[in-house]
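Undergrad: Take a look at my_file30.txt, compact mmCIF, N, CA and C atoms and all ligand atoms:
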```txt
# COMPACT_ATOMS: atom_id res chain seq x y z
N MET A 3 -10.88 12.46 4.80
CA MET A 3 -9.59 12.00 4.31
C MET A 3 -8.62 11.89 5.48
N GLU A 4 -7.76 10.89 5.41
CA GLU A 4 -6.80 10.68 6.49
C GLU A 4 -5.44 11.26 6.13
N THR A 5 -4.55 11.25 7.09
CA THR A 5 -3.19 11.70 6.83
C THR A 5 -2.25 10.50 6.81
N CYS A 6 -1.19 10.65 6.06
CA CYS A 6 -0.18 9.59 5.91
C CYS A 6 0.41 9.23 7.27
N ALA A 7 0.60 7.93 7.50
CA ALA A 7 1.16 7.48 8.77
C ALA A 7 2.59 7.97 8.96
N LYS A 8 3.35 8.10 7.87
CA LYS A 8 4.75 8.55 7.97
C LYS A 8 4.87 10.06 7.83
N HIS A 9 3.94 10.65 7.10
CA HIS A 9 3.99 12.08 6.83
C HIS A 9 2.66 12.70 7.25
N PRO A 10 2.50 13.00 8.52
CA PRO A 10 1.22 13.48 9.03
C PRO A 10 0.76 14.82 8.45
N ASP A 11 1.64 15.50 7.74
CA ASP A 11 1.26 16.76 7.11
C ASP A 11 0.61 16.54 5.75
N ARG A 12 0.56 15.29 5.28
CA ARG A 12 0.01 14.99 3.96
C ARG A 12 -1.32 14.24 4.07
N GLU A 13 -2.35 14.76 3.44
CA GLU A 13 -3.62 14.04 3.38
C GLU A 13 -3.57 13.05 2.24
N THR A 14 -4.27 11.94 2.39
CA THR A 14 -4.25 10.92 1.35
C THR A 14 -5.56 10.15 1.33
N PRO A 15 -6.01 9.74 0.15
CA PRO A 15 -7.19 8.89 0.05
C PRO A 15 -6.84 7.40 0.15
N TYR A 16 -5.53 7.10 0.19
CA TYR A 16 -5.11 5.70 0.16
C TYR A 16 -4.89 5.13 1.55
N LYS A 17 -5.49 3.97 1.78
CA LYS A 17 -5.34 3.32 3.08
C LYS A 17 -5.32 1.81 2.90
N CYS A 18 -4.36 1.17 3.52
CA CYS A 18 -4.33 -0.29 3.55
C CYS A 18 -5.46 -0.74 4.47
N MET A 19 -6.44 -1.42 3.90
CA MET A 19 -7.60 -1.82 4.69
C MET A 19 -7.28 -2.97 5.64
N LYS A 20 -6.27 -3.76 5.30
CA LYS A 20 -5.89 -4.88 6.16
C LYS A 20 -5.19 -4.40 7.44
N HIS A 21 -4.27 -3.46 7.28
CA HIS A 21 -3.48 -2.99 8.42
C HIS A 21 -3.95 -1.65 8.97
N GLY A 22 -4.88 -1.01 8.27
CA GLY A 22 -5.41 0.26 8.74
C GLY A 22 -4.41 1.40 8.69
N ILE A 23 -3.52 1.37 7.69
CA ILE A 23 -2.46 2.38 7.59
C ILE A 23 -2.69 3.26 6.37
N ALA A 24 -2.81 4.57 6.59
CA ALA A 24 -2.96 5.51 5.48
C ALA A 24 -1.58 5.83 4.91
N MET A 25 -1.50 5.96 3.58
CA MET A 25 -0.21 6.20 2.91
C MET A 25 -0.35 7.28 1.87
N CYS A 26 0.62 8.20 1.86
CA CYS A 26 0.64 9.21 0.80
C CYS A 26 1.23 8.57 -0.46
N SER A 27 1.25 9.31 -1.56
CA SER A 27 1.71 8.74 -2.82
C SER A 27 3.18 8.30 -2.75
N GLU A 28 3.96 8.96 -1.92
CA GLU A 28 5.37 8.57 -1.77
C GLU A 28 5.51 7.25 -1.01
N CYS A 29 4.56 6.96 -0.14
CA CYS A 29 4.65 5.78 0.74
C CYS A 29 3.85 4.58 0.26
N LEU A 30 3.15 4.70 -0.84
CA LEU A 30 2.28 3.61 -1.29
C LEU A 30 3.05 2.30 -1.36
N HIS A 31 2.60 1.35 -0.57
CA HIS A 31 3.33 0.10 -0.50
C HIS A 31 2.47 -0.97 0.18
N CYS A 32 2.32 -2.10 -0.49
CA CYS A 32 1.58 -3.22 0.11
C CYS A 32 2.50 -3.95 1.06
N ARG A 33 2.07 -4.14 2.29
CA ARG A 33 2.90 -4.82 3.29
C ARG A 33 2.89 -6.33 3.12
N ASP A 34 1.86 -6.85 2.51
CA ASP A 34 1.74 -8.31 2.37
C ASP A 34 1.49 -8.71 0.92
N PRO A 35 2.38 -8.37 0.01
CA PRO A 35 2.09 -8.66 -1.41
C PRO A 35 2.11 -10.15 -1.75
N LEU A 36 2.75 -10.95 -0.92
CA LEU A 36 2.91 -12.37 -1.26
C LEU A 36 2.01 -13.29 -0.44
N ILE A 37 1.20 -12.73 0.46
CA ILE A 37 0.28 -13.57 1.21
C ILE A 37 -1.15 -13.08 1.02
N TYR A 38 -2.07 -13.91 1.39
CA TYR A 38 -3.48 -13.61 1.16
C TYR A 38 -3.92 -12.31 1.84
N CYS A 39 -4.71 -11.55 1.09
CA CYS A 39 -5.36 -10.37 1.66
C CYS A 39 -6.76 -10.30 1.06
N LYS A 40 -7.75 -10.27 1.88
CA LYS A 40 -9.13 -10.28 1.38
C LYS A 40 -9.50 -8.98 0.67
N TYR A 41 -8.72 -7.94 0.84
CA TYR A 41 -9.01 -6.64 0.21
C TYR A 41 -8.32 -6.47 -1.13
N ARG A 42 -7.46 -7.38 -1.50
CA ARG A 42 -6.58 -7.20 -2.66
C ARG A 42 -7.32 -6.92 -3.96
N SER A 43 -8.39 -7.61 -4.20
CA SER A 43 -9.06 -7.47 -5.51
C SER A 43 -9.60 -6.06 -5.73
N ALA A 44 -9.73 -5.28 -4.68
CA ALA A 44 -10.22 -3.91 -4.82
C ALA A 44 -9.24 -2.89 -4.23
N CYS A 45 -7.97 -3.28 -4.13
CA CYS A 45 -7.00 -2.40 -3.46
C CYS A 45 -6.18 -1.59 -4.47
N PRO A 46 -6.35 -0.28 -4.51
CA PRO A 46 -5.57 0.53 -5.45
C PRO A 46 -4.08 0.55 -5.10
N ILE A 47 -3.74 0.43 -3.83
CA ILE A 47 -2.33 0.43 -3.43
C ILE A 47 -1.61 -0.74 -4.06
N TYR A 48 -2.20 -1.91 -3.96
CA TYR A 48 -1.58 -3.11 -4.51
C TYR A 48 -1.39 -2.98 -6.02
N PHE A 49 -2.42 -2.53 -6.72
CA PHE A 49 -2.34 -2.48 -8.18
C PHE A 49 -1.42 -1.37 -8.66
N MET A 50 -1.36 -0.26 -7.97
CA MET A 50 -0.44 0.80 -8.39
C MET A 50 1.00 0.38 -8.16
N GLU A 51 1.26 -0.30 -7.05
CA GLU A 51 2.62 -0.75 -6.80
C GLU A 51 3.01 -1.84 -7.79
N LYS A 52 2.09 -2.72 -8.06
CA LYS A 52 2.36 -3.79 -9.01
C LYS A 52 2.65 -3.20 -10.39
N ARG A 53 1.88 -2.20 -10.78
CA ARG A 53 2.10 -1.54 -12.07
C ARG A 53 3.48 -0.89 -12.10
N ASP A 54 3.84 -0.20 -11.04
CA ASP A 54 5.13 0.50 -11.00
C ASP A 54 6.30 -0.47 -11.00
N LYS A 55 6.11 -1.65 -10.41
CA LYS A 55 7.18 -2.65 -10.39
C LYS A 55 7.04 -3.61 -11.56
N LYS A 56 6.10 -3.33 -12.45
CA LYS A 56 5.82 -4.18 -13.61
C LYS A 56 5.53 -5.62 -13.18
N GLY A 57 4.75 -5.76 -12.09
CA GLY A 57 4.27 -7.06 -11.68
C GLY A 57 5.23 -7.88 -10.86
N ASP A 58 6.39 -7.32 -10.53
CA ASP A 58 7.38 -8.09 -9.80
C ASP A 58 7.31 -7.82 -8.30
N PHE A 59 6.79 -8.80 -7.55
CA PHE A 59 6.75 -8.68 -6.10
C PHE A 59 7.72 -9.68 -5.47
N SER A 60 8.69 -10.14 -6.25
CA SER A 60 9.59 -11.17 -5.73
C SER A 60 10.57 -10.61 -4.71
N GLU A 61 10.91 -9.33 -4.82
CA GLU A 61 11.82 -8.74 -3.83
C GLU A 61 11.05 -8.37 -2.58
N LYS A 62 11.65 -8.60 -1.46
CA LYS A 62 11.02 -8.22 -0.19
C LYS A 62 11.01 -6.70 -0.09
N PRO A 63 9.88 -6.12 0.26
CA PRO A 63 9.83 -4.68 0.41
C PRO A 63 10.62 -4.20 1.61
N ASP A 64 11.02 -2.95 1.57
CA ASP A 64 11.77 -2.32 2.65
C ASP A 64 10.79 -1.67 3.62
N TYR A 65 10.41 -2.42 4.65
CA TYR A 65 9.43 -1.89 5.60
C TYR A 65 10.05 -0.86 6.52
N ALA A 66 9.22 0.08 6.88
CA ALA A 66 9.70 1.12 7.82
C ALA A 66 9.47 0.68 9.24
S1 LIG B 101 -3.49 -5.66 -0.79
FE1 LIG B 101 -1.79 -4.93 0.48
S2 LIG B 101 -2.09 -2.71 0.67
FE2 LIG B 101 -4.00 -3.61 -0.05
S3 LIG B 101 -5.22 -3.95 1.80
FE3 LIG B 101 -4.11 -5.83 1.35
S4 LIG B 101 -2.21 -5.73 2.55
FE4 LIG B 101 -3.09 -3.65 2.44
```
Represent the structure from my file as structure tokens, please.
TA:
Amino acid sequence: METCAKHPDRETPYKCMKHGIAMCSECLHCRDPLIYCKYRSACPIYFMEKRDKKGDFSEKPDYA
């Protein structure tokens, strides 16, 4: 298991396969929700964020 890129004290099973960035539950966020990603169809990060935003990816995310 890897540690969150922003919170190195937190282990997480979630990792953006496109950018290679591990994210804890607080940081779960797709960096490219509006452009093609070959990992999307199997990406839990994308689907959890989409569920939490009720499918709305029209707003630009606040990148760190
Ligand atoms: S869908 Fe988003 S979070 Fe998932 S691998 Fe692609 S860019 Fe990363």
Undergrad: Please determine, counting all atoms listed in the file, which residue among A:Asp54, A:His9, A:Cys26, A:Lys20 has the shortest atom-to-atom distance to A:Arg42.
TA: A:Lys20
Undergrad: Report, in Å with one decimal, the straight-line distance from atom N of A:Met3 to atom C of A:Pro15.
TA: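 Those two atoms sit 8.0 Å apart.
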Undergrad: Produce a table with one row for each residue of chain A that has an atom at most 8 Å from any atom of ligand LIG 101 (chain B), each row naming the nearest atom pair and its distance in Å at one decimal; use all atoms listed in the file; arrange rows by chain and rising residue number; format as JSON lines.
TA:
```
{"residue": "A:Lys17", "atom": "C", "partner": "B:LIG101", "partner_atom": "S3", "distance": 5.9}
{"residue": "A:Cys18", "atom": "CA", "partner": "B:LIG101", "partner_atom": "FE4", "distance": 3.7}
{"residue": "A:Met19", "atom": "N", "partner": "B:LIG101", "partner_atom": "S3", "distance": 3.5}
{"residue": "A:Lys20", "atom": "N", "partner": "B:LIG101", "partner_atom": "S3", "distance": 3.7}
{"residue": "A:His21", "atom": "N", "partner": "B:LIG101", "partner_atom": "FE4", "distance": 5.0}
{"residue": "A:Gly22", "atom": "N", "partner": "B:LIG101", "partner_atom": "FE4", "distance": 6.6}
{"residue": "A:Ile23", "atom": "N", "partner": "B:LIG101", "partner_atom": "FE4", "distance": 7.3}
{"residue": "A:Leu30", "atom": "C", "partner": "B:LIG101", "partner_atom": "S2", "distance": 7.5}
{"residue": "A:His31", "atom": "C", "partner": "B:LIG101", "partner_atom": "S2", "distance": 4.9}
{"residue": "A:Cys32", "atom": "CA", "partner": "B:LIG101", "partner_atom": "S2", "distance": 3.7}
{"residue": "A:Arg33", "atom": "N", "partner": "B:LIG101", "partner_atom": "FE1", "distance": 4.3}
{"residue": "A:Asp34", "atom": "N", "partner": "B:LIG101", "partner_atom": "S4", "distance": 4.2}
{"residue": "A:Pro35", "atom": "N", "partner": "B:LIG101", "partner_atom": "FE1", "distance": 5.4}
{"residue": "A:Leu36", "atom": "N", "partner": "B:LIG101", "partner_atom": "FE1", "distance": 7.7}
{"residue": "A:Ile37", "atom": "C", "partner": "B:LIG101", "partner_atom": "S4", "distance": 7.6}
{"residue": "A:Tyr38", "atom": "C", "partner": "B:LIG101", "partner_atom": "FE3", "distance": 6.5}
{"residue": "A:Cys39", "atom": "CA", "partner": "B:LIG101", "partner_atom": "FE3", "distance": 4.7}
{"residue": "A:Lys40", "atom": "N", "partner": "B:LIG101", "partner_atom": "FE3", "distance": 5.8}
{"residue": "A:Tyr41", "atom": "C", "partner": "B:LIG101", "partner_atom": "S1", "distance": 4.9}
{"residue": "A:Arg42", "atom": "CA", "partner": "B:LIG101", "partner_atom": "S1", "distance": 3.9}
{"residue": "A:Ser43", "atom": "N", "partner": "B:LIG101", "partner_atom": "S1", "distance": 6.3}
{"residue": "A:Ala44", "atom": "C", "partner": "B:LIG101", "partner_atom": "FE2", "distance": 6.7}
{"residue": "A:Cys45", "atom": "CA", "partner": "B:LIG101", "partner_atom": "FE2", "distance": 4.7}
{"residue": "A:Pro46", "atom": "N", "partner": "B:LIG101", "partner_atom": "FE2", "distance": 6.0}
{"residue": "A:Ile47", "atom": "C", "partner": "B:LIG101", "partner_atom": "S2", "distance": 5.1}
{"residue": "A:Tyr48", "atom": "N", "partner": "B:LIG101", "partner_atom": "FE2", "distance": 4.6}
{"residue": "A:Phe49", "atom": "N", "partner": "B:LIG101", "partner_atom": "S1", "distance": 6.8}
```
Undergrad: Hey, can you check how far atom C of A:Thr14 sits from atom N of A:Lys55?
TA: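 Atom-to-atom, atom C of A:Thr14 to atom N of A:Lys55, that is 20.3 Å.
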Undergrad: Measure the distance from atom N of A:Asp11 to atom N of A:Cys29 in Å and round it to one decimal.
TA: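 So the two atoms, atom N of A:Asp11 and atom N of A:Cys29, lie 12.0 Å apart.
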Undergrad: Could you please write out, as a PyMOL selection string, every residue of chain A that DSSP assigns to strand (DSSP E)?
TA: chain A and resi 4-5+13-14+17-18+23-24
Undergrad: If you run DSSP on the backbone here, which positions in stretch 11-64 of chain A get alpha helix (DSSP H)? Please write them as a list in words.
TA: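 Checking each residue of stretch 11-64 of chain A, the alpha helix (DSSP H) ones are Pro46, Ile47, Tyr48, Phe49, Met50, Glu51, Lys52, Arg53 and Asp54 of chain A.
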Undergrad: Report, as AutoDock Vina command-line options, the centre and edge lengths in Å (one decimal) of the axis-aligned box enclosing every listed atom of stretch 26-44 of chain A, padded by 5 Å on each side.
TA:
```
--center_x -2.4 --center_y -2.3 --center_z -1.2 --size_x 25.7 --size_y 33.2 --size_z 19.0
```
